[in-house]
>>> print(open('work-v9.pdb').read())   # PDB, C-alpha atoms and all ligand atoms
ATOM      1  CA  MET A   1     -23.415  22.474 -22.077
ATOM      2  CA  ASP A   2     -26.127  20.032 -23.036
ATOM      3  CA  PRO A   3     -25.194  16.939 -21.016
ATOM      4  CA  THR A   4     -26.558  14.620 -23.677
ATOM      5  CA  GLU A   5     -24.531  16.140 -26.509
ATOM      6  CA  PRO A   6     -21.561  13.760 -26.633
ATOM      7  CA  VAL A   7     -23.693  10.660 -26.191
ATOM      8  CA  ASN A   8     -24.781   9.104 -29.441
ATOM      9  CA  SER A   9     -27.294   6.333 -28.745
ATOM     10  CA  GLN A  10     -30.287   7.412 -26.643
ATOM     11  CA  ASP A  11     -33.781   6.026 -26.341
ATOM     12  CA  SER A  12     -36.968   8.106 -26.324
ATOM     13  CA  LEU A  13     -36.583   8.809 -22.569
ATOM     14  CA  GLY A  14     -33.147  10.294 -23.105
ATOM     15  CA  ARG A  15     -31.435   7.238 -21.616
ATOM     16  CA  CYS A  16     -28.313   5.788 -23.171
ATOM     17  CA  ASP A  17     -26.371   2.586 -22.754
ATOM     18  CA  ALA A  18     -23.318   2.018 -20.569
ATOM     19  CA  GLU A  19     -20.909   2.018 -23.507
ATOM     20  CA  SER A  20     -22.093   5.377 -24.836
ATOM     21  CA  LEU A  21     -21.819   6.944 -21.387
ATOM     22  CA  MET A  22     -18.344   5.511 -20.879
ATOM     23  CA  GLN A  23     -17.191   6.822 -24.263
ATOM     24  CA  ALA A  24     -18.534  10.258 -23.422
ATOM     25  CA  ILE A  25     -16.689  10.322 -20.071
ATOM     26  CA  VAL A  26     -13.395   9.080 -21.538
ATOM     27  CA  GLY A  27     -13.725  11.699 -24.291
ATOM     28  CA  ILE A  28     -13.688  14.402 -21.628
ATOM     29  CA  VAL A  29     -11.283  13.116 -18.959
ATOM     30  CA  LYS A  30      -8.950  11.278 -21.400
ATOM     31  CA  SER A  31      -8.299   8.540 -18.860
ATOM     32  CA  ASP A  32      -9.864   5.099 -18.877
ATOM     33  CA  HIS A  33      -9.080   4.611 -15.165
ATOM     34  CA  GLU A  34     -10.659   7.901 -14.056
ATOM     35  CA  ALA A  35     -13.627   7.396 -16.368
ATOM     36  CA  ARG A  36     -14.310   4.059 -14.697
ATOM     37  CA  TRP A  37     -14.283   5.705 -11.255
ATOM     38  CA  ILE A  38     -16.728   8.367 -12.435
ATOM     39  CA  PHE A  39     -18.933   5.750 -14.064
ATOM     40  CA  SER A  40     -19.087   3.499 -11.013
ATOM     41  CA  GLN A  41     -19.497   6.254  -8.428
ATOM     42  CA  VAL A  42     -22.321   7.873 -10.397
ATOM     43  CA  THR A  43     -24.216   4.768 -11.497
ATOM     44  CA  GLY A  44     -23.411   2.382  -8.650
ATOM     45  CA  PHE A  45     -22.350  -0.200 -11.250
ATOM     46  CA  ASN A  46     -18.953  -1.338 -12.376
ATOM     47  CA  TYR A  47     -18.715  -0.428 -16.088
ATOM     48  CA  TYR A  48     -18.302  -4.001 -17.390
ATOM     49  CA  GLU A  49     -21.088  -5.223 -15.113
ATOM     50  CA  ALA A  50     -23.404  -2.476 -16.403
ATOM     51  CA  ARG A  51     -22.529  -3.268 -20.008
ATOM     52  CA  SER A  52     -23.080  -7.000 -19.652
ATOM     53  CA  LEU A  53     -26.356  -6.487 -17.773
ATOM     54  CA  GLY A  54     -27.551  -4.001 -20.419
ATOM     55  CA  VAL A  55     -28.232  -1.360 -17.750
ATOM     56  CA  ALA A  56     -30.059   1.687 -19.144
ATOM     57  CA  ILE A  57     -28.304   4.846 -17.979
ATOM     58  CA  GLU A  58     -30.704   7.289 -16.330
ATOM     59  CA  ARG A  59     -30.699  10.883 -17.449
ATOM     60  CA  SER A  60     -29.725  12.076 -13.940
ATOM     61  CA  TRP A  61     -26.698   9.757 -13.973
ATOM     62  CA  LEU A  62     -25.698  11.133 -17.344
ATOM     63  CA  GLU A  63     -25.920  14.691 -16.047
ATOM     64  CA  ARG A  64     -23.909  13.898 -12.916
ATOM     65  CA  ALA A  65     -21.289  12.014 -14.913
ATOM     66  CA  MET A  66     -20.874  14.914 -17.350
ATOM     67  CA  GLU A  67     -20.584  17.360 -14.460
ATOM     68  CA  ALA A  68     -17.929  15.208 -12.771
ATOM     69  CA  ALA A  69     -16.023  14.680 -16.023
ATOM     70  CA  ASN A  70     -16.044  18.395 -16.825
ATOM     71  CA  GLY A  71     -14.940  19.239 -13.271
ATOM     72  CA  ARG A  72     -12.075  16.820 -13.566
ATOM     73  CA  ALA A  73     -11.132  18.164 -17.009
ATOM     74  CA  ALA A  74     -11.106  21.665 -15.478
ATOM     75  CA  GLY A  75      -8.481  20.484 -12.972
ATOM     76  CA  LEU A  76     -10.409  19.418  -9.854
ATOM     77  CA  PRO A  77      -9.081  16.335  -8.047
ATOM     78  CA  LEU A  78     -11.145  13.345  -9.150
ATOM     79  CA  GLN A  79     -12.712  12.904  -5.691
ATOM     80  CA  TYR A  80     -13.965  16.503  -5.531
ATOM     81  CA  ALA A  81     -15.142  16.346  -9.135
ATOM     82  CA  ILE A  82     -17.280  13.304  -8.334
ATOM     83  CA  GLY A  83     -18.236  14.733  -4.933
ATOM     84  CA  VAL A  84     -18.438  11.332  -3.256
ATOM     85  CA  TRP A  85     -15.628   8.985  -2.281
ATOM     86  CA  PRO A  86     -15.545   5.561  -0.617
ATOM     87  CA  PHE A  87     -13.995   5.132   2.827
ATOM     88  CA  ARG A  88     -14.318   1.679   4.410
ATOM     89  CA  ASN A  89     -18.064   0.884   4.205
ATOM     90  CA  LEU A  90     -19.167   4.462   3.626
ATOM     91  CA  GLN A  91     -19.697   6.679   0.614
ATOM     92  CA  LEU A  92     -18.624  10.081   1.901
ATOM     93  CA  ARG A  93     -19.449  13.422   0.366
ATOM     94  CA  VAL A  94     -16.298  15.434  -0.155
ATOM     95  CA  ASN A  95     -15.594  18.986  -1.299
ATOM     96  CA  PRO A  96     -12.617  21.344  -0.930
ATOM     97  CA  ALA A  97     -13.660  22.154   2.668
ATOM     98  CA  VAL A  98     -12.453  18.706   3.757
ATOM     99  CA  LEU A  99      -9.442  16.507   3.282
ATOM    100  CA  ILE A 100     -10.022  13.662   0.834
ATOM    101  CA  PRO A 101     -10.029  10.592   3.123
ATOM    102  CA  ARG A 102      -6.860   8.531   2.618
ATOM    103  CA  PRO A 103      -6.370   4.747   2.701
ATOM    104  CA  GLU A 104      -3.865   5.013   5.603
ATOM    105  CA  THR A 105      -6.645   6.442   7.764
ATOM    106  CA  GLU A 106      -8.542   3.187   7.238
ATOM    107  CA  VAL A 107      -5.712   1.531   9.226
ATOM    108  CA  LEU A 108      -6.351   3.927  12.107
ATOM    109  CA  VAL A 109     -10.074   3.094  12.037
ATOM    110  CA  ASP A 110      -9.250  -0.620  11.891
ATOM    111  CA  GLU A 111      -7.257  -0.309  15.111
ATOM    112  CA  ALA A 112     -10.015   1.681  16.771
ATOM    113  CA  VAL A 113     -12.777  -0.732  15.784
ATOM    114  CA  GLY A 114     -10.655  -3.720  16.883
ATOM    115  CA  TRP A 115      -9.880  -2.090  20.237
ATOM    116  CA  ILE A 116     -13.520  -1.228  20.983
ATOM    117  CA  ARG A 117     -14.658  -4.746  20.064
ATOM    118  CA  SER A 118     -11.916  -6.285  22.215
ATOM    119  CA  LYS A 119     -13.357  -4.503  25.252
ATOM    120  CA  GLY A 120     -16.541  -6.566  24.784
ATOM    121  CA  ALA A 121     -20.098  -5.442  25.308
ATOM    122  CA  GLY A 122     -20.180  -3.643  28.656
ATOM    123  CA  PRO A 123     -23.125  -1.994  30.351
ATOM    124  CA  LYS A 124     -22.111   1.416  28.994
ATOM    125  CA  PRO A 125     -21.153   2.431  25.435
ATOM    126  CA  VAL A 126     -17.510   3.118  24.665
ATOM    127  CA  VAL A 127     -17.053   6.898  24.481
ATOM    128  CA  VAL A 128     -14.950   7.999  21.529
ATOM    129  CA  PHE A 129     -13.610  11.457  20.610
ATOM    130  CA  ASP A 130     -12.569  12.033  16.983
ATOM    131  CA  LEU A 131     -10.569  15.271  16.982
ATOM    132  CA  GLY A 132     -10.377  17.010  13.573
ATOM    133  CA  THR A 133     -13.157  15.024  11.954
ATOM    134  CA  GLY A 134     -13.198  16.711   8.511
ATOM    135  CA  SER A 135     -15.639  14.730   6.342
ATOM    136  CA  GLY A 136     -16.437  12.563   9.371
ATOM    137  CA  ALA A 137     -14.512   9.629   7.900
ATOM    138  CA  ILE A 138     -13.207   8.284  11.221
ATOM    139  CA  ALA A 139     -16.134   9.162  13.476
ATOM    140  CA  LEU A 140     -18.837   7.902  11.142
ATOM    141  CA  SER A 141     -16.964   4.695  10.349
ATOM    142  CA  VAL A 142     -16.487   3.886  14.030
ATOM    143  CA  ALA A 143     -20.103   4.710  14.867
ATOM    144  CA  SER A 144     -21.517   2.719  11.971
ATOM    145  CA  GLU A 145     -19.236  -0.284  12.464
ATOM    146  CA  VAL A 146     -19.488  -0.587  16.249
ATOM    147  CA  GLU A 147     -22.897  -0.267  17.832
ATOM    148  CA  LEU A 148     -21.288  -0.110  21.284
ATOM    149  CA  SER A 149     -19.830   3.288  20.536
ATOM    150  CA  ARG A 150     -20.902   6.825  21.458
ATOM    151  CA  VAL A 151     -18.913   9.229  19.284
ATOM    152  CA  PHE A 152     -18.165  12.947  19.683
ATOM    153  CA  ALA A 153     -16.540  14.392  16.555
ATOM    154  CA  SER A 154     -15.025  17.861  16.498
ATOM    155  CA  ASP A 155     -13.378  20.223  14.077
ATOM    156  CA  ARG A 156     -12.288  23.849  14.153
ATOM    157  CA  SER A 157     -13.703  24.415  10.656
ATOM    158  CA  ALA A 158     -17.436  25.148  10.376
ATOM    159  CA  LYS A 159     -17.332  24.306   6.668
ATOM    160  CA  ALA A 160     -15.821  20.906   7.370
ATOM    161  CA  LEU A 161     -18.489  20.250   9.997
ATOM    162  CA  ASP A 162     -21.172  21.050   7.386
ATOM    163  CA  VAL A 163     -19.792  18.245   5.235
ATOM    164  CA  ALA A 164     -19.595  15.884   8.223
ATOM    165  CA  ALA A 165     -23.226  16.748   9.045
ATOM    166  CA  GLN A 166     -24.318  15.909   5.495
ATOM    167  CA  ASN A 167     -22.500  12.590   5.713
ATOM    168  CA  LEU A 168     -24.031  11.870   9.114
ATOM    169  CA  ALA A 169     -27.514  12.663   7.788
ATOM    170  CA  GLY A 170     -27.153   9.894   5.195
ATOM    171  CA  LEU A 171     -26.635   7.168   7.823
ATOM    172  CA  ASP A 172     -29.183   4.981   9.596
ATOM    173  CA  GLU A 173     -31.062   6.162  12.669
ATOM    174  CA  SER A 174     -29.060   4.065  15.162
ATOM    175  CA  THR A 175     -25.752   5.493  13.935
ATOM    176  CA  ARG A 176     -27.077   9.050  13.775
ATOM    177  CA  SER A 177     -28.268   8.857  17.357
ATOM    178  CA  ARG A 178     -24.773   7.944  18.577
ATOM    179  CA  VAL A 179     -22.796  10.772  16.922
ATOM    180  CA  THR A 180     -22.507  14.399  18.039
ATOM    181  CA  LEU A 181     -20.631  17.043  16.050
ATOM    182  CA  LEU A 182     -18.858  19.853  17.917
ATOM    183  CA  GLN A 183     -16.955  22.914  16.757
ATOM    184  CA  GLY A 184     -13.728  24.105  18.364
ATOM    185  CA  ASP A 185      -9.991  23.869  18.757
ATOM    186  CA  TRP A 186      -8.934  20.304  19.768
ATOM    187  CA  PHE A 187      -9.997  19.721  23.416
ATOM    188  CA  GLU A 188     -11.731  23.097  23.703
ATOM    189  CA  ALA A 189     -14.563  21.520  21.723
ATOM    190  CA  THR A 190     -14.916  18.470  23.957
ATOM    191  CA  ASP A 191     -14.007  19.762  27.451
ATOM    192  CA  PRO A 192     -17.454  21.346  28.031
ATOM    193  CA  LEU A 193     -18.969  17.849  27.749
ATOM    194  CA  GLY A 194     -17.326  16.926  31.062
ATOM    195  CA  VAL A 195     -16.858  13.380  29.771
ATOM    196  CA  SER A 196     -13.744  11.168  30.084
ATOM    197  CA  PRO A 197     -13.422   9.344  26.764
ATOM    198  CA  ASP A 198     -12.354   5.713  26.529
ATOM    199  CA  LEU A 199     -10.772   6.386  23.169
ATOM    200  CA  ILE A 200      -9.405   9.531  21.541
ATOM    201  CA  ILE A 201      -8.701   9.187  17.831
ATOM    202  CA  SER A 202      -7.179  11.835  15.630
ATOM    203  CA  ASN A 203      -5.705  12.295  12.203
ATOM    204  CA  PRO A 204      -4.484  15.868  12.761
ATOM    205  CA  PRO A 205      -2.489  17.988  10.337
ATOM    206  CA  TYR A 206       1.078  16.598  10.555
ATOM    207  CA  ILE A 207       2.977  18.099   7.619
ATOM    208  CA  SER A 208       5.835  20.545   8.157
ATOM    209  CA  ARG A 209       6.044  23.829   6.257
ATOM    210  CA  HIS A 210       8.939  22.518   4.196
ATOM    211  CA  ASP A 211       7.151  19.288   3.223
ATOM    212  CA  TYR A 212       3.933  21.162   2.527
ATOM    213  CA  LEU A 213       5.657  23.138  -0.210
ATOM    214  CA  GLY A 214       6.783  19.866  -1.782
ATOM    215  CA  LEU A 215       3.300  18.317  -1.929
ATOM    216  CA  ASP A 216       1.591  17.540  -5.223
ATOM    217  CA  PRO A 217       0.319  20.927  -6.520
ATOM    218  CA  LEU A 218      -3.162  19.402  -6.901
ATOM    219  CA  VAL A 219      -3.219  18.715  -3.152
ATOM    220  CA  ARG A 220      -1.943  22.195  -2.254
ATOM    221  CA  GLU A 221      -4.292  23.948  -4.636
ATOM    222  CA  TYR A 222      -7.525  22.182  -3.668
ATOM    223  CA  GLU A 223      -7.287  20.479  -0.267
ATOM    224  CA  PRO A 224      -7.568  22.698   2.835
ATOM    225  CA  GLU A 225      -4.199  23.902   4.082
ATOM    226  CA  SER A 226      -5.598  23.819   7.613
ATOM    227  CA  ALA A 227      -6.115  20.058   7.296
ATOM    228  CA  LEU A 228      -2.533  19.384   6.242
ATOM    229  CA  LEU A 229      -0.063  21.973   7.502
ATOM    230  CA  ALA A 230       0.814  21.552  11.185
ATOM    231  CA  GLY A 231       3.508  24.227  11.578
ATOM    232  CA  ASP A 232       7.234  24.623  10.998
ATOM    233  CA  VAL A 233       8.135  21.185  12.365
ATOM    234  CA  GLY A 234       5.102  19.021  11.570
ATOM    235  CA  THR A 235       4.559  17.554  15.044
ATOM    236  CA  GLU A 236       3.032  20.661  16.633
ATOM    237  CA  GLN A 237      -0.607  19.487  16.537
ATOM    238  CA  LEU A 238       0.286  15.887  17.417
ATOM    239  CA  PHE A 239       2.098  17.185  20.517
ATOM    240  CA  ARG A 240      -0.863  19.338  21.541
ATOM    241  CA  ILE A 241      -3.204  16.370  21.343
ATOM    242  CA  VAL A 242      -0.794  13.988  23.098
ATOM    243  CA  GLU A 243      -0.182  16.495  25.895
ATOM    244  CA  GLY A 244      -3.922  16.854  26.473
ATOM    245  CA  GLY A 245      -4.569  13.106  26.577
ATOM    246  CA  PRO A 246      -3.604  11.737  30.007
ATOM    247  CA  SER A 247      -5.647  14.197  32.053
ATOM    248  CA  ARG A 248      -8.759  13.637  29.970
ATOM    249  CA  LEU A 249      -8.808   9.928  29.114
ATOM    250  CA  ALA A 250     -10.602   7.363  31.271
ATOM    251  CA  PRO A 251      -8.120   5.404  33.488
ATOM    252  CA  ASP A 252      -7.807   2.524  31.009
ATOM    253  CA  GLY A 253      -8.329   4.817  28.013
ATOM    254  CA  VAL A 254      -6.347   4.836  24.812
ATOM    255  CA  MET A 255      -5.322   7.455  22.263
ATOM    256  CA  MET A 256      -4.747   6.571  18.595
ATOM    257  CA  LEU A 257      -3.020   8.959  16.232
ATOM    258  CA  GLU A 258      -2.154   8.939  12.566
ATOM    259  CA  LEU A 259       1.303  10.331  11.794
ATOM    260  CA  SER A 260       4.149   9.873   9.368
ATOM    261  CA  PRO A 261       6.812   7.237  10.079
ATOM    262  CA  GLU A 262       9.620   9.721  10.811
ATOM    263  CA  GLN A 263       7.479  11.312  13.557
ATOM    264  CA  VAL A 264       7.012   8.081  15.509
ATOM    265  CA  LYS A 265      10.076   8.519  17.741
ATOM    266  CA  SER A 266       9.540  12.127  18.767
ATOM    267  CA  VAL A 267       5.806  11.708  19.386
ATOM    268  CA  SER A 268       6.356   8.448  21.324
ATOM    269  CA  ASP A 269       9.001  10.150  23.483
ATOM    270  CA  ARG A 270       6.660  13.047  24.194
ATOM    271  CA  ALA A 271       3.843  10.623  25.036
ATOM    272  CA  ARG A 272       6.020   8.864  27.655
ATOM    273  CA  GLU A 273       7.108  12.221  29.091
ATOM    274  CA  VAL A 274       3.503  13.325  29.602
ATOM    275  CA  GLY A 275       2.457  10.098  31.302
ATOM    276  CA  PHE A 276       1.423   7.492  28.746
ATOM    277  CA  LEU A 277       2.689   4.124  29.982
ATOM    278  CA  ALA A 278       1.998   1.991  26.884
ATOM    279  CA  VAL A 279       3.242   2.972  23.435
ATOM    280  CA  HIS A 280       2.555   0.751  20.465
ATOM    281  CA  VAL A 281       3.122   1.412  16.748
ATOM    282  CA  VAL A 282       0.964   0.018  13.928
ATOM    283  CA  ALA A 283       2.160  -0.251  10.327
ATOM    284  CA  ASP A 284       0.045   0.031   7.194
ATOM    285  CA  LEU A 285      -0.171  -2.719   4.563
ATOM    286  CA  ALA A 286       3.044  -1.439   2.980
ATOM    287  CA  GLY A 287       4.866  -1.806   6.329
ATOM    288  CA  ARG A 288       5.071   1.951   7.000
ATOM    289  CA  GLU A 289       4.552   2.955  10.643
ATOM    290  CA  ARG A 290       1.437   5.144  10.452
ATOM    291  CA  VAL A 291      -0.487   4.778  13.712
ATOM    292  CA  LEU A 292       0.559   5.346  17.309
ATOM    293  CA  VAL A 293      -1.507   3.706  20.055
ATOM    294  CA  LEU A 294      -0.953   5.275  23.471
ATOM    295  CA  GLY A 295      -2.338   3.778  26.665
ATOM    296  CA  ARG A 296      -2.683   5.361  30.096
ATOM    297  CA  ALA A 297      -2.279   1.947  31.717
ATOM    298  CA  SER A 298       0.725  -0.293  31.028
TER     299      SER A 298
HETATM  300  C1  LIG A 301      -5.858  15.663   8.277
HETATM  301  S1  LIG A 301      -7.491  16.322   8.399
HETATM  302  C2  LIG A 301      -8.355  14.853   8.906
HETATM  303  C3  LIG A 301      -9.773  14.794   8.439
HETATM  304  C4  LIG A 301     -10.456  13.447   8.723
HETATM  305  N1  LIG A 301     -10.422  13.120  10.135
HETATM  306  C5  LIG A 301      -9.775  12.349   7.944
HETATM  307  O1  LIG A 301      -9.037  11.547   8.543
HETATM  308  O2  LIG A 301      -9.951  12.271   6.718
HETATM  309  C6  LIG A 301      -7.350  17.281   9.872
HETATM  310  C7  LIG A 301      -8.621  17.979  10.334
HETATM  311  O3  LIG A 301      -8.300  18.671  11.543
HETATM  312  C8  LIG A 301      -8.934  19.939  11.544
HETATM  313  N2  LIG A 301      -8.133  20.822  12.406
HETATM  314  C9  LIG A 301      -6.959  21.430  12.124
HETATM  315  N3  LIG A 301      -6.523  22.133  13.186
HETATM  316  C10 LIG A 301      -7.454  21.977  14.159
HETATM  317  C11 LIG A 301      -7.562  22.444  15.509
HETATM  318  N4  LIG A 301      -6.626  23.234  16.053
HETATM  319  N5  LIG A 301      -8.634  22.054  16.230
HETATM  320  C12 LIG A 301      -9.590  21.263  15.685
HETATM  321  N6  LIG A 301      -9.533  20.776  14.414
HETATM  322  C13 LIG A 301      -8.479  21.130  13.669
HETATM  323  C14 LIG A 301      -8.962  20.362  10.096
HETATM  324  O4  LIG A 301      -9.984  21.314   9.873
HETATM  325  C15 LIG A 301      -9.180  19.020   9.382
HETATM  326  O5  LIG A 301     -10.540  18.786   9.156
END
>>> encode(input="work-v9.pdb", output="structure tokens")
Amino acid sequence: MDPTEPVNSQDSLGRCDAESLMQAIVGIVKSDHEARWIFSQVTGFNYYEARSLGVAIERSWLERAMEAANGRAAGLPLQYAIGVWPFRNLQLRVNPAVLIPRPETEVLVDEAVGWIRSKGAGPKPVVVFDLGTGSGAIALSVASEVELSRVFASDRSAKALDVAAQNLAGLDESTRSRVTLLQGDWFEATDPLGVSPDLIISNPPYISRHDYLGLDPLVREYEPESALLAGDVGTEQLFRIVEGGPSRLAPDGVMMLELSPEQVKSVSDRAREVGFLAVHVVADLAGRERVLVLGRAS
């Protein structure tokens, strides 16, 4: 399709104005809200801001916006159709090889960043493992927000790590130099480093088989099953990570996990059984218990 076809007012360079582009996007996706996301992610401007400033829409923006709108109209989740999605301060590339980063994971990162900062600037960087990094949302946020950090991010999926590598490549030199990507199953990826981390963070798959079947069909059809489905019960991967924590963490190290509220009790109980002395739960902005903070020391 000629990307300029639905746009009516263009100048001699093939540029159009914000209003024409917006009309073209809405005409395809049939949603004002989604059209505004596409517009702002592609142009870097809020639609009303672009209109009032008289921003001329570049031809490349027009092409990307039409591609995103057509992808969305063909059924792709909006985030994959656009190909980029915001997470905290980052604009992350996303495709169906990785989970679309969720707002609740920003709570997990908030805890992690707060904890690292509370340790103060020591002589050595704070060593962080992000297990199951996907797009790199957690690892890259921590590394870019806290200069004191040295981050090792792992995933079992090579395709997910490709996306994380692309996202890492877009960051500044200081951040890039403090992140290493590793492939492998949970601790199998990090054990060869021979390093005791100060902080282990993970947002592992934590959905049971039963709940997985009840997810929004758009999620099941496009997002990787391996990022969501944990097993029959839902806590299988959380347990594996918790069980591996005490022997690997530094003596005053901490583990932070994302989970669903109904898993808090069983995972906390398991954490105490395997030797964690401090167990603390953090709620999201809606008051739902979404993050478990486990300490080796009391
Ligand atoms: C829920 S996603 C989280 C992605 C990203 N950290 C985020 O918060 O948006 C879980 C990730 O764990 C990875 N994963 C699943 N099982 C794994 C395993 N056994 N070992 C390592 N990574 C695994 C998946 O490939 C996926 O990228």
>>> closest_atom_pairs(input="work-v9.pdb", of="stretch 66-111 of chain A", to="stretch 28-52 of chain A", cutoff="7 Å", atoms="all atoms listed in the file", output="JSON lines")
{"residue": "A:Ala68", "atom": "CA", "partner": "A:Ile38", "partner_atom": "CA", "distance": 7.0}
{"residue": "A:Ala69", "atom": "CA", "partner": "A:Val29", "partner_atom": "CA", "distance": 5.8}
{"residue": "A:Asn70", "atom": "CA", "partner": "A:Ile28", "partner_atom": "CA", "distance": 6.7}
{"residue": "A:Arg72", "atom": "CA", "partner": "A:Val29", "partner_atom": "CA", "distance": 6.6}
{"residue": "A:Ala73", "atom": "CA", "partner": "A:Val29", "partner_atom": "CA", "distance": 5.4}
{"residue": "A:Ile82", "atom": "CA", "partner": "A:Ile38", "partner_atom": "CA", "distance": 6.4}
>>> resolve_selection(input="work-v9.pdb", expression="the PyMOL selection byres (((chain A and resi 119-128) around 8) and not hetatm)", output="PyMOL selection string")
chain A and resi 115-118+129-130+148-152+196-201
>>> write_last_selection(input="work-v9.pdb", atoms="C-alpha atoms", output="mmCIF file, in the coordinates of the input")
data_model
loop_
_atom_site.group_PDB
_atom_site.id
_atom_site.type_symbol
_atom_site.label_atom_id
_atom_site.label_comp_id
_atom_site.auth_asym_id
_atom_site.auth_seq_id
_atom_site.Cartn_x
_atom_site.Cartn_y
_atom_site.Cartn_z
ATOM 1 C CA TRP A 115 -9.880 -2.090 20.237
ATOM 2 C CA ILE A 116 -13.520 -1.228 20.983
ATOM 3 C CA ARG A 117 -14.658 -4.746 20.064
ATOM 4 C CA SER A 118 -11.916 -6.285 22.215
ATOM 5 C CA PHE A 129 -13.610 11.457 20.610
ATOM 6 C CA ASP A 130 -12.569 12.033 16.983
ATOM 7 C CA LEU A 148 -21.288 -0.110 21.284
ATOM 8 C CA SER A 149 -19.830 3.288 20.536
ATOM 9 C CA ARG A 150 -20.902 6.825 21.458
ATOM 10 C CA VAL A 151 -18.913 9.229 19.284
ATOM 11 C CA PHE A 152 -18.165 12.947 19.683
ATOM 12 C CA SER A 196 -13.744 11.168 30.084
ATOM 13 C CA PRO A 197 -13.422 9.344 26.764
ATOM 14 C CA ASP A 198 -12.354 5.713 26.529
ATOM 15 C CA LEU A 199 -10.772 6.386 23.169
ATOM 16 C CA ILE A 200 -9.405 9.531 21.541
ATOM 17 C CA ILE A 201 -8.701 9.187 17.831
#
>>> residues_near_ligand(input="work-v9.pdb", ligand="ligand LIG 301 (chain A)", cutoff="8 Å", atoms="all atoms listed in the file", output="ChimeraX atom specification")
/A:97-102,105,130-139,154-157,160,183-187,189,202-206,224,226-228,230,237
>>> resolve_selection(input="work-v9.pdb", expression="the PyMOL selection byres (((chain A and resi 285) around 12) and not hetatm)", output="list in words")
Pro103, Glu104, Thr105, Glu106, Val107, Leu108, Asp110, Val282, Ala283, Asp284, Ala286, Gly287, Arg288, Glu289, Arg290 and Val291 of chain A
>>> residues_around(input="work-v9.pdb", residues="stretch 90-95 of chain A", least_positions_apart="6", cutoff="8 Å", atoms="all atoms listed in the file", output="mmCIF file with C-alpha atoms, keeping the file's coordinate frame")
data_model
loop_
_atom_site.group_PDB
_atom_site.id
_atom_site.type_symbol
_atom_site.label_atom_id
_atom_site.label_comp_id
_atom_site.auth_asym_id
_atom_site.auth_seq_id
_atom_site.Cartn_x
_atom_site.Cartn_y
_atom_site.Cartn_z
ATOM 1 C CA GLN A 79 -12.712 12.904 -5.691
ATOM 2 C CA TYR A 80 -13.965 16.503 -5.531
ATOM 3 C CA GLY A 83 -18.236 14.733 -4.933
ATOM 4 C CA VAL A 84 -18.438 11.332 -3.256
ATOM 5 C CA SER A 135 -15.639 14.730 6.342
ATOM 6 C CA ALA A 137 -14.512 9.629 7.900
ATOM 7 C CA SER A 141 -16.964 4.695 10.349
ATOM 8 C CA VAL A 163 -19.792 18.245 5.235
ATOM 9 C CA GLN A 166 -24.318 15.909 5.495
ATOM 10 C CA ASN A 167 -22.500 12.590 5.713
#
>>> residues_around(input="work-v9.pdb", residues="stretch 276-279 of chain A", least_positions_apart="2", cutoff="9 Å", atoms="only C-alpha atoms", output="JSON, numbers by chain")
{"A": [242, 245, 246, 268, 270, 271, 272, 273, 274, 281, 292, 293, 294, 295, 296, 297, 298]}
>>> closest_residue(input="work-v9.pdb", among="A:Tyr212, A:Trp85, A:Tyr222, A:Phe239", to="A:Val267", atoms="all atoms listed in the file")
A:Phe239
>>> atom_distance(input="work-v9.pdb", atom1="atom CA of A:Lys265", atom2="atom CA of A:Gly244")
18.5 Å
>>> atom_distance(input="work-v9.pdb", atom1="atom CA of A:Pro86", atom2="atom CA of A:Leu140")
12.4 Å
>>> atom_distance(input="work-v9.pdb", atom1="atom CA of A:Met66", atom2="atom CA of A:Ala24")
8.0 Å
>>> closest_residue(input="work-v9.pdb", among="A:Val109, A:Leu62, A:Val233, A:Leu249", to="A:Phe87", atoms="all atoms listed in the file")
A:Val109
>>> axis_aligned_box(input="work-v9.pdb", around="stretch 51-62 of chain A", padding_each_side="6 Å", output="lines of an AutoDock Vina configuration file")
center_x = -26.6
center_y = 2.5
center_z = -17.2
size_x = 20.2
size_y = 31.1
size_z = 18.5
>>> resolve_selection(input="work-v9.pdb", expression="the PyMOL selection byres (((chain A and resi 178) around 7) and not hetatm)", output="PyMOL selection string")
chain A and resi 143+150-151+174-177+179-180
>>> closest_residue(input="work-v9.pdb", among="A:Asp191, A:Asp252, A:Glu173, A:Glu262", to="A:Ser208", atoms="only C-alpha atoms")
A:Glu262
